[in-house]
$ cat coords_4.cif   # mmCIF, C-alpha atoms and all ligand atoms
data_protein
loop_
_atom_site.label_atom_id
_atom_site.label_comp_id
_atom_site.auth_asym_id
_atom_site.auth_seq_id
_atom_site.Cartn_x
_atom_site.Cartn_y
_atom_site.Cartn_z
CA MET A 90 -26.84 24.48 18.41
CA THR A 91 -24.96 24.95 15.14
CA ALA A 92 -22.96 21.76 15.75
CA TRP A 93 -26.15 19.84 16.59
CA ARG A 94 -27.85 21.22 13.49
CA HIS A 95 -24.96 20.18 11.24
CA ASP A 96 -24.91 16.70 12.77
CA LEU A 97 -28.67 16.32 12.16
CA HIS A 98 -28.31 17.74 8.65
CA ALA A 99 -25.63 15.15 7.78
CA HIS A 100 -27.87 12.31 9.02
CA PRO A 101 -31.37 13.06 7.68
CA GLU A 102 -34.11 10.47 8.17
CA PHE A 103 -37.48 10.08 6.43
CA GLY A 104 -40.79 10.22 8.37
CA PHE A 105 -41.25 7.48 11.01
CA GLU A 106 -37.65 6.39 10.33
CA GLU A 107 -36.12 9.06 12.63
CA SER A 108 -34.45 6.52 14.94
CA ARG A 109 -31.01 8.14 15.00
CA THR A 110 -32.53 11.64 15.25
CA SER A 111 -34.86 10.75 18.12
CA ALA A 112 -32.04 8.95 19.98
CA PHE A 113 -29.92 12.10 19.49
CA VAL A 114 -32.74 14.28 20.87
CA ALA A 115 -33.40 11.99 23.87
CA GLN A 116 -29.68 11.81 24.69
CA LYS A 117 -29.42 15.62 24.70
CA LEU A 118 -32.53 15.97 26.89
CA ARG A 119 -30.99 13.49 29.37
CA GLU A 120 -27.76 15.53 29.40
CA PHE A 121 -29.77 18.70 30.11
CA GLY A 122 -31.39 17.01 33.12
CA LEU A 123 -35.06 17.15 32.10
CA ASP A 124 -37.50 15.67 34.63
CA GLU A 125 -39.02 13.16 32.26
CA ILE A 126 -38.11 11.91 28.76
CA ALA A 127 -40.46 9.66 26.82
CA GLU A 128 -39.25 8.01 23.63
CA GLY A 129 -41.22 6.10 21.03
CA VAL A 130 -44.30 8.31 21.33
CA GLY A 131 -46.27 7.77 18.10
CA GLY A 132 -43.43 5.76 16.55
CA THR A 133 -40.27 7.84 16.71
CA GLY A 134 -41.57 10.88 18.62
CA VAL A 135 -39.92 12.19 21.80
CA VAL A 136 -41.53 14.22 24.61
CA GLY A 137 -39.36 15.94 27.22
CA THR A 138 -40.91 17.42 30.36
CA LEU A 139 -39.46 20.14 32.57
CA ARG A 140 -41.18 21.18 35.84
CA ARG A 141 -40.37 24.18 37.98
CA GLY A 142 -42.17 25.70 40.96
CA SER A 143 -45.69 24.69 41.90
CA GLY A 144 -47.75 25.99 38.97
CA ASN A 145 -50.23 23.55 37.48
CA ARG A 146 -50.33 24.98 33.98
CA ALA A 147 -48.39 23.39 31.12
CA ILE A 148 -47.37 24.69 27.74
CA ALA A 149 -45.97 22.68 24.83
CA LEU A 150 -43.27 23.74 22.38
CA ARG A 151 -43.08 21.65 19.25
CA ALA A 152 -40.43 20.86 16.64
CA ASP A 153 -40.47 18.41 13.73
CA MET A 154 -37.61 15.98 13.00
CA ASP A 155 -38.18 14.38 9.58
CA ALA A 156 -36.38 14.92 6.27
CA LEU A 157 -37.48 14.48 2.65
CA ARG A 158 -36.70 12.01 -0.14
CA ILE A 159 -34.70 14.59 -2.09
CA THR A 160 -31.06 14.33 -3.19
CA GLU A 161 -29.07 17.24 -1.77
CA GLN A 162 -27.51 19.46 -4.47
CA GLY A 163 -25.90 21.98 -2.13
CA THR A 164 -22.35 21.40 -0.93
CA PRO A 165 -22.06 22.34 2.75
CA ALA A 166 -19.34 20.52 4.73
CA TYR A 167 -22.14 18.78 6.65
CA ARG A 168 -23.91 17.59 3.46
CA SER A 169 -26.33 14.64 3.75
CA LEU A 170 -24.56 11.29 4.18
CA ASN A 171 -27.85 9.47 3.60
CA SER A 172 -28.16 9.33 -0.17
CA GLY A 173 -31.54 10.41 -1.55
CA VAL A 174 -32.67 11.93 1.76
CA MET A 175 -32.07 15.50 2.92
CA HIS A 176 -33.24 18.16 5.35
CA ALA A 177 -34.81 20.30 2.62
CA CYS A 178 -37.42 21.83 4.95
CA GLY A 179 -35.13 22.88 7.80
CA HIS A 180 -36.50 20.48 10.41
CA ASP A 181 -32.84 19.99 11.46
CA GLY A 182 -32.87 23.66 12.48
CA HIS A 183 -36.27 23.40 14.21
CA THR A 184 -35.00 20.43 16.26
CA ALA A 185 -31.74 22.22 17.18
CA MET A 186 -33.62 25.40 18.25
CA LEU A 187 -35.98 23.48 20.52
CA LEU A 188 -33.06 21.53 22.03
CA GLY A 189 -31.39 24.89 22.71
CA ALA A 190 -34.52 26.11 24.49
CA ALA A 191 -34.70 22.90 26.56
CA LYS A 192 -31.07 23.32 27.61
CA LEU A 193 -31.52 26.98 28.54
CA LEU A 194 -34.79 26.49 30.43
CA ALA A 195 -33.39 23.42 32.26
CA ALA A 196 -30.32 25.39 33.31
CA GLU A 197 -31.92 28.74 34.15
CA GLY A 198 -35.63 28.10 34.74
CA GLY A 199 -37.44 31.41 35.03
CA PHE A 200 -40.92 29.89 34.82
CA ASP A 201 -43.46 28.29 37.15
CA GLY A 202 -45.24 25.21 35.81
CA THR A 203 -44.57 22.55 33.19
CA VAL A 204 -42.98 22.83 29.76
CA ARG A 205 -43.41 19.93 27.31
CA PHE A 206 -40.86 19.70 24.50
CA ILE A 207 -42.52 17.79 21.67
CA PHE A 208 -40.29 16.41 18.90
CA GLN A 209 -42.67 14.97 16.34
CA PRO A 210 -41.96 12.51 13.54
CA ALA A 211 -43.30 12.50 9.97
CA GLU A 212 -44.50 16.08 9.61
CA GLU A 213 -44.07 15.99 5.83
CA TRP A 214 -46.61 13.18 5.46
CA GLY A 215 -49.11 14.87 7.76
CA LYS A 216 -49.10 11.68 9.83
CA GLY A 217 -46.73 12.24 12.76
CA ALA A 218 -48.86 14.51 14.95
CA LEU A 219 -51.84 12.14 14.67
CA ALA A 220 -49.58 9.20 15.54
CA MET A 221 -48.48 10.97 18.75
CA LEU A 222 -52.06 11.99 19.59
CA GLU A 223 -53.27 8.41 19.01
CA ASP A 224 -50.48 7.21 21.28
CA GLY A 225 -52.04 9.19 24.14
CA LEU A 226 -50.05 12.43 23.92
CA MET A 227 -52.75 14.58 25.56
CA ARG A 228 -53.52 12.03 28.30
CA ARG A 229 -49.91 11.08 29.11
CA PHE A 230 -48.35 14.56 28.73
CA PRO A 231 -51.21 17.05 29.13
CA PHE A 232 -50.71 20.71 28.23
CA ASP A 233 -52.92 23.79 27.97
CA GLU A 234 -51.50 25.48 24.89
CA ILE A 235 -48.92 24.84 22.17
CA TYR A 236 -46.51 26.89 20.05
CA GLY A 237 -44.44 26.01 17.00
CA LEU A 238 -42.08 27.67 14.54
CA HIS A 239 -41.10 27.13 10.90
CA ASN A 240 -38.30 28.84 9.02
CA MET A 241 -39.34 30.93 6.02
CA PRO A 242 -37.11 31.45 2.95
CA GLY A 243 -37.33 34.92 1.42
CA VAL A 244 -37.92 36.51 4.83
CA PRO A 245 -34.89 38.25 6.42
CA VAL A 246 -33.20 36.52 9.34
CA GLY A 247 -34.42 38.13 12.56
CA GLN A 248 -37.96 38.62 11.27
CA PHE A 249 -41.03 37.02 12.91
CA GLU A 250 -44.36 36.54 11.15
CA THR A 251 -47.70 35.13 12.17
CA ARG A 252 -51.41 35.95 12.08
CA PRO A 253 -54.51 35.12 14.11
CA GLY A 254 -56.95 32.76 12.39
CA PRO A 255 -56.22 30.63 9.30
CA ILE A 256 -52.51 30.76 8.41
CA MET A 257 -51.85 27.52 6.51
CA SER A 258 -54.25 25.57 4.34
CA ALA A 259 -55.76 22.11 4.26
CA GLU A 260 -54.29 19.72 1.71
CA ASP A 261 -56.58 17.31 -0.10
CA ASN A 262 -55.40 14.80 -2.72
CA PHE A 263 -57.47 13.42 -5.57
CA GLU A 264 -57.23 10.70 -8.18
CA VAL A 265 -59.67 10.38 -11.06
CA ALA A 266 -59.51 7.31 -13.34
CA PHE A 267 -61.22 7.24 -16.76
CA ARG A 268 -61.90 3.86 -18.35
CA GLY A 269 -62.95 3.27 -21.95
CA VAL A 270 -61.65 1.12 -24.81
CA GLY A 271 -58.24 1.75 -26.34
CA GLY A 272 -57.39 1.02 -29.95
CA HIS A 273 -55.45 1.92 -33.08
CA ALA A 274 -54.51 5.58 -33.32
CA SER A 275 -55.85 5.65 -36.91
CA ARG A 276 -59.37 4.42 -36.00
CA PRO A 277 -60.58 6.36 -32.92
CA HIS A 278 -64.24 5.79 -33.81
CA GLU A 279 -63.94 2.04 -33.16
CA GLY A 280 -62.98 2.45 -29.50
CA ARG A 281 -63.77 4.77 -26.62
CA GLU A 282 -60.44 6.38 -25.97
CA VAL A 283 -60.00 8.30 -22.72
CA LEU A 284 -57.17 10.80 -23.22
CA ILE A 285 -59.57 13.35 -24.69
CA ALA A 286 -61.83 12.91 -21.64
CA ALA A 287 -58.90 13.33 -19.26
CA ALA A 288 -57.72 16.44 -21.10
CA ALA A 289 -61.22 17.98 -21.00
CA PHE A 290 -61.48 17.12 -17.32
CA VAL A 291 -58.20 18.95 -16.54
CA VAL A 292 -59.49 22.06 -18.30
CA ASN A 293 -62.99 21.83 -16.72
CA LEU A 294 -61.46 21.56 -13.24
CA GLN A 295 -60.20 25.11 -13.65
CA THR A 296 -63.80 26.31 -13.22
CA ILE A 297 -63.96 25.10 -9.59
CA VAL A 298 -61.97 28.02 -8.21
CA SER A 299 -62.89 30.55 -10.89
CA ARG A 300 -66.64 29.85 -11.15
CA ARG A 301 -67.92 27.53 -8.43
CA LEU A 302 -66.40 28.93 -5.20
CA SER A 303 -66.98 32.35 -3.70
CA PRO A 304 -64.32 34.87 -4.77
CA ALA A 305 -63.89 35.58 -1.04
CA ASP A 306 -62.61 32.04 -0.42
CA ILE A 307 -58.98 31.14 -1.03
CA ALA A 308 -58.48 27.82 -2.78
CA VAL A 309 -56.11 26.12 -5.22
CA VAL A 310 -56.88 23.07 -7.39
CA SER A 311 -53.79 21.71 -9.15
CA VAL A 312 -53.52 18.76 -11.52
CA THR A 313 -50.02 17.36 -11.10
CA GLU A 314 -49.97 14.06 -13.04
CA LEU A 315 -51.71 12.55 -16.08
CA LEU A 316 -50.90 8.92 -16.83
CA THR A 317 -52.33 6.67 -19.57
CA ASP A 318 -51.79 3.18 -20.94
CA GLY A 319 -51.49 4.56 -24.49
CA THR A 320 -48.43 4.54 -26.68
CA ARG A 321 -47.52 6.70 -29.70
CA ASN A 322 -49.70 4.82 -32.19
CA ALA A 323 -52.30 3.40 -29.81
CA LEU A 324 -55.10 5.28 -28.08
CA PRO A 325 -55.38 4.73 -24.32
CA GLY A 326 -58.30 2.91 -22.75
CA PHE A 327 -57.24 4.03 -19.29
CA ALA A 328 -56.15 7.42 -17.94
CA ARG A 329 -55.42 8.58 -14.42
CA VAL A 330 -55.48 12.25 -13.36
CA LEU A 331 -53.89 13.07 -10.00
CA GLY A 332 -53.68 16.30 -8.12
CA ASP A 333 -53.85 18.36 -5.00
CA ALA A 334 -56.33 20.91 -3.62
CA ARG A 335 -55.80 23.53 -0.89
CA SER A 336 -58.33 25.48 1.14
CA PHE A 337 -58.77 27.10 4.57
CA ARG A 338 -62.27 25.99 5.59
CA PRO A 339 -63.84 22.52 5.74
CA GLU A 340 -66.89 23.84 3.83
CA VAL A 341 -64.64 24.86 0.94
CA SER A 342 -62.85 21.51 0.92
CA ALA A 343 -66.26 19.78 0.80
CA ALA A 344 -67.38 22.06 -2.05
CA ILE A 345 -64.22 21.29 -4.07
CA GLU A 346 -64.84 17.55 -3.73
CA ARG A 347 -68.53 17.88 -4.63
CA GLU A 348 -67.89 20.04 -7.71
CA MET A 349 -65.05 17.79 -8.81
CA ARG A 350 -67.40 14.77 -8.77
CA VAL A 351 -69.97 16.67 -10.85
CA ILE A 352 -67.28 17.58 -13.41
CA ALA A 353 -65.76 14.06 -13.46
CA GLU A 354 -69.13 12.39 -14.01
CA GLY A 355 -70.29 14.94 -16.56
CA THR A 356 -67.04 14.68 -18.50
CA ALA A 357 -67.15 10.86 -18.50
CA ARG A 358 -70.73 10.97 -19.83
CA THR A 359 -69.78 13.46 -22.52
CA TYR A 360 -66.90 11.28 -23.75
CA ASN A 361 -68.68 7.95 -23.28
CA CYS A 362 -66.38 6.41 -20.71
CA ASP A 363 -66.49 5.34 -17.07
CA VAL A 364 -64.98 7.25 -14.20
CA GLU A 365 -63.93 6.55 -10.64
CA MET A 366 -62.79 9.24 -8.22
CA THR A 367 -61.06 9.12 -4.84
CA TYR A 368 -60.65 12.24 -2.73
CA THR A 369 -58.64 12.18 0.52
CA ARG A 370 -57.89 14.81 3.18
CA GLU A 371 -54.20 14.77 4.13
CA PHE A 372 -53.77 17.95 6.21
CA VAL A 373 -56.36 20.02 8.06
CA PRO A 374 -56.19 23.84 7.94
CA LEU A 375 -53.95 25.48 10.54
CA VAL A 376 -56.01 28.05 12.45
CA ASN A 377 -54.16 30.12 15.05
CA ASP A 378 -56.02 30.93 18.26
CA ALA A 379 -56.48 34.70 18.71
CA GLU A 380 -55.37 34.80 22.36
CA ALA A 381 -52.39 32.45 21.78
CA THR A 382 -51.36 34.61 18.81
CA ARG A 383 -51.44 37.73 21.02
CA ALA A 384 -49.24 35.81 23.50
CA ALA A 385 -46.83 34.75 20.74
CA LEU A 386 -46.55 38.34 19.52
CA ALA A 387 -45.91 39.56 23.07
CA ALA A 388 -43.11 36.99 23.46
CA ALA A 389 -41.73 37.89 20.01
CA ALA A 390 -41.63 41.56 21.07
CA THR A 391 -38.93 40.66 23.62
CA VAL A 392 -36.79 38.91 20.97
CA PHE A 393 -37.27 40.72 17.65
CA GLU A 394 -37.04 44.39 16.67
CA PRO A 395 -40.52 45.98 16.51
CA GLU A 396 -40.20 46.62 12.75
CA ALA A 397 -39.22 42.94 12.22
CA ILE A 398 -42.52 41.60 13.58
CA LYS A 399 -45.38 41.04 11.15
CA ALA A 400 -48.58 40.42 13.12
CA GLU A 401 -50.86 40.01 10.09
CA ARG A 402 -48.93 38.08 7.47
CA GLU A 403 -50.91 36.60 4.57
CA PRO A 404 -52.19 33.04 4.89
CA MET A 405 -50.18 30.47 2.91
CA THR A 406 -51.56 27.68 0.73
CA ALA A 407 -48.94 25.26 2.07
CA SER A 408 -49.91 22.81 4.83
CA GLU A 409 -48.57 21.89 8.28
CA ASP A 410 -49.10 18.93 10.54
CA PHE A 411 -48.99 21.26 13.60
CA ALA A 412 -52.68 21.92 12.83
CA ARG A 413 -53.61 18.56 14.39
CA PHE A 414 -52.51 19.69 17.85
CA LEU A 415 -54.83 22.70 17.57
CA ASP A 416 -57.81 20.32 17.45
CA HIS A 417 -57.06 19.71 21.16
CA VAL A 418 -55.65 22.95 22.65
CA PRO A 419 -55.31 26.56 21.51
CA GLY A 420 -51.95 27.56 20.09
CA CYS A 421 -50.03 29.60 17.57
CA PHE A 422 -47.74 28.71 14.70
CA ALA A 423 -45.28 31.33 13.45
CA PHE A 424 -42.50 31.81 10.91
CA ILE A 425 -38.95 33.07 11.40
CA GLY A 426 -36.86 34.39 8.53
CA ASN A 427 -34.38 32.06 6.84
CA GLY A 428 -32.81 34.85 4.73
CA GLU A 429 -33.83 36.71 1.58
CA ASN A 430 -31.48 34.62 -0.58
CA SER A 431 -32.48 31.26 0.85
CA PRO A 432 -33.52 28.69 -1.77
CA PRO A 433 -37.20 27.72 -1.29
CA LEU A 434 -38.35 24.95 1.04
CA HIS A 435 -38.09 21.46 -0.51
CA ASN A 436 -35.46 22.72 -3.00
CA PRO A 437 -32.41 20.41 -3.33
CA GLU A 438 -30.14 23.37 -2.51
CA PHE A 439 -32.07 24.48 0.57
CA ASP A 440 -30.21 24.79 3.88
CA PHE A 441 -31.44 26.06 7.23
CA ASN A 442 -29.74 29.35 8.11
CA ASP A 443 -27.67 28.91 11.29
CA ALA A 444 -27.99 32.63 12.03
CA ALA A 445 -31.72 32.01 12.68
CA LEU A 446 -31.17 29.39 15.41
CA VAL A 447 -30.75 31.90 18.20
CA HIS A 448 -33.97 33.72 17.28
CA GLY A 449 -36.04 30.55 17.43
CA THR A 450 -34.54 29.48 20.74
CA ARG A 451 -35.10 32.90 22.30
CA PHE A 452 -38.71 32.88 21.15
CA HIS A 453 -39.34 29.42 22.66
CA VAL A 454 -37.77 30.52 25.97
CA ALA A 455 -39.68 33.81 26.00
CA ILE A 456 -43.10 32.23 25.38
CA ALA A 457 -42.51 29.58 28.09
CA ARG A 458 -41.56 32.25 30.64
CA GLN A 459 -44.40 34.58 29.67
CA ARG A 460 -47.12 31.94 29.70
CA LEU A 461 -45.89 30.32 32.93
CA PRO A 462 -44.94 33.43 34.92
CA GLN A 463 -43.18 33.21 38.26
CA ALA A 464 -45.08 34.77 41.18
ZN ZN B 501 -41.69 20.54 4.30
ZN ZN B 502 -41.36 21.84 7.16
#

$ encode --input "coords_4.cif" --output "structure tokens" --more "lines below"
Ligand SMILES: [Zn+2]
Ligand SMILES: [Zn+2]
Amino acid sequence: MTAWRHDLHAHPEFGFEESRTSAFVAQKLREFGLDEIAEGVGGTGVVGTLRRGSGNRAIALRADMDALRITEQGTPAYRSLNSGVMHACGHDGHTAMLLGAAKLLAAEGGFDGTVRFIFQPAEEWGKGALAMLEDGLMRRFPFDEIYGLHNMPGVPVGQFETRPGPIMSAEDNFEVAFRGVGGHASRPHEGREVLIAAAAFVVNLQTIVSRRLSPADIAVVSVTELLTDGTRNALPGFARVLGDARSFRPEVSAAIEREMRVIAEGTARTYNCDVEMTYTREFVPLVNDAEATRAALAAAATVFEPEAIKAEREPMTASEDFARFLDHVPGCFAFIGNGENSPPLHNPEFDFNDAALVHGTRFHVAIARQRLPQA
């Protein structure tokens, strides 16, 4: 698995461009002797199927394959050979762990039913799971429940964390454009400059979480970019404010959008300019099924030390494409430690910790055997 992981790490591919990675995965699954291997599912996705016994239940295990447009700053021997792209989220490790589980379950069985190995493209965009679902994933490769893992920097290797209910947030993106009349920096009263409106808007947005949502709801509203057509001695007539909002319930996401429109329109009126707002929903919240989470914890108990299992970790305001599968079947998403000294996810020095591979593989094998027990 370590050799596979290093090979994948050296050849990272961006979302929906994972042609080498998916060919690598399909080749391995053929070598392991899976019963069925489907390539090109939702673009570059791969689904492997393994059947044993006569059971008619199926469970899915999922890994993601895509890398990020980040230039690797770390210097491992297997450093990215694809300049400007790197496995900064550890999807190389997730893919290697699931391949390991496929090899072990193909060789040793120990279950009765069907296991689907889902290797999804484009997780980072929040588009790959939908692409597979739209390509008939549930109809062509039906399954009753699904499990997935992500590595977690800052958590010791050999530790397992999950929670029932909401565990990762929705991600919404917004763009608000103010239009007025630019002009000479010395004569603001002759135009309708917009930077002051944009600046006020950024400050007013801070009242969404602090004053307009219930304190019991978790949400984040972040402005990440402010662009204008001004220059040092000319006032802008156009300003764009971009940002990102996170929440765990559709009602909260709807409230953020509604309040943002009120603030955008009110601010534009105050500063005598026009405003246009677009608000899009990129990721849905990831809500773990209670029964599937109990099952995941029971499987984890056979792999991890009791004191290394956290059954009620805090929800995170990061987002995960795995959530899309949970619109169709119950399932559970969990984290495994990537080491206390690991650089954060999406950091140019990040590297998946090879010592964690075996834990992920053992978990995948354990959940398959527990959920599809032999008579
Ligand atoms: Zn990521
Ligand atoms: Zn990731």

$ residues_near_ligand --input "coords_4.cif" --ligand "ligand ZN 502 (chain B)" --cutoff "8 Å" --atoms "only C-alpha atoms and all ligand atoms" --output "list in words"
Asp153, Cys178, Gly179, His180, Glu212, Glu213, His239, Asn240, Glu409 and Leu434 of chain A

$ closest_residue --input "coords_4.cif" --among "A:Glu354, A:Gly271, A:Asp261, A:Ala400" --to "Gly215 of chain A" --atoms "only C-alpha atoms"
A:Asp261

$ closest_residue --input "coords_4.cif" --among "A:Thr406, A:Lys216, A:His278, A:Phe200" --to "Val310 of chain A" --atoms "only C-alpha atoms"
A:Thr406

$ closest_residue --input "coords_4.cif" --among "A:Ala185, A:Val312, A:Ala177, A:Ile345" --to "Ser431 of chain A" --atoms "only C-alpha atoms"
A:Ala177

$ residues_around --input "coords_4.cif" --residues "Met221 of chain A" --least-positions-apart "6" --cutoff "12 Å" --atoms "only C-alpha atoms" --output "ChimeraX atom specification"
/A:105,127-136,151,207-212,215,227-230,410-411,413-414

$ closest_residue --input "coords_4.cif" --among "A:Val283, A:Leu415, A:Ala195, A:Ala407" --to "ligand ZN 501 (chain B)" --atoms "all atoms listed in the file"
A:Ala407

$ axis_aligned_box --input "coords_4.cif" --around "segment 117-133 of chain A" --padding-each-side "6 Å" --output "AutoDock Vina command-line options"
--center_x -37.0 --center_y 12.2 --center_z 25.6 --size_x 30.5 --size_y 24.9 --size_z 30.1

$ atom_distance --input "coords_4.cif" --atom1 "atom CA of Asp363 of chain A" --atom2 "atom CA of Phe267 of chain A"
5.6 Å

$ closest_residue --input "coords_4.cif" --among "A:Tyr368, A:Trp214, A:Phe424, A:Phe441" --to "Val244 of chain A" --atoms "all atoms listed in the file"
A:Phe424

$ atom_distance --input "coords_4.cif" --atom1 "atom CA of Gln463 of chain A" --atom2 "atom CA of Pro253 of chain A"
26.7 Å

$ atom_distance --input "coords_4.cif" --atom1 "atom CA of Leu375 of chain A" --atom2 "atom CA of Ala259 of chain A"
7.4 Å

$ closest_residue --input "coords_4.cif" --among "A:His273, A:His100, A:Arg281, A:Arg119" --to "Arg168 of chain A" --atoms "only C-alpha atoms"
A:His100

$ residues_near_point --input "coords_4.cif" --point "(-30.5, 36.0, 3.1)" --cutoff "10 Å" --atoms "all atoms listed in the file" --output "ChimeraX atom specification"
/A:242-246,426-432,442,444
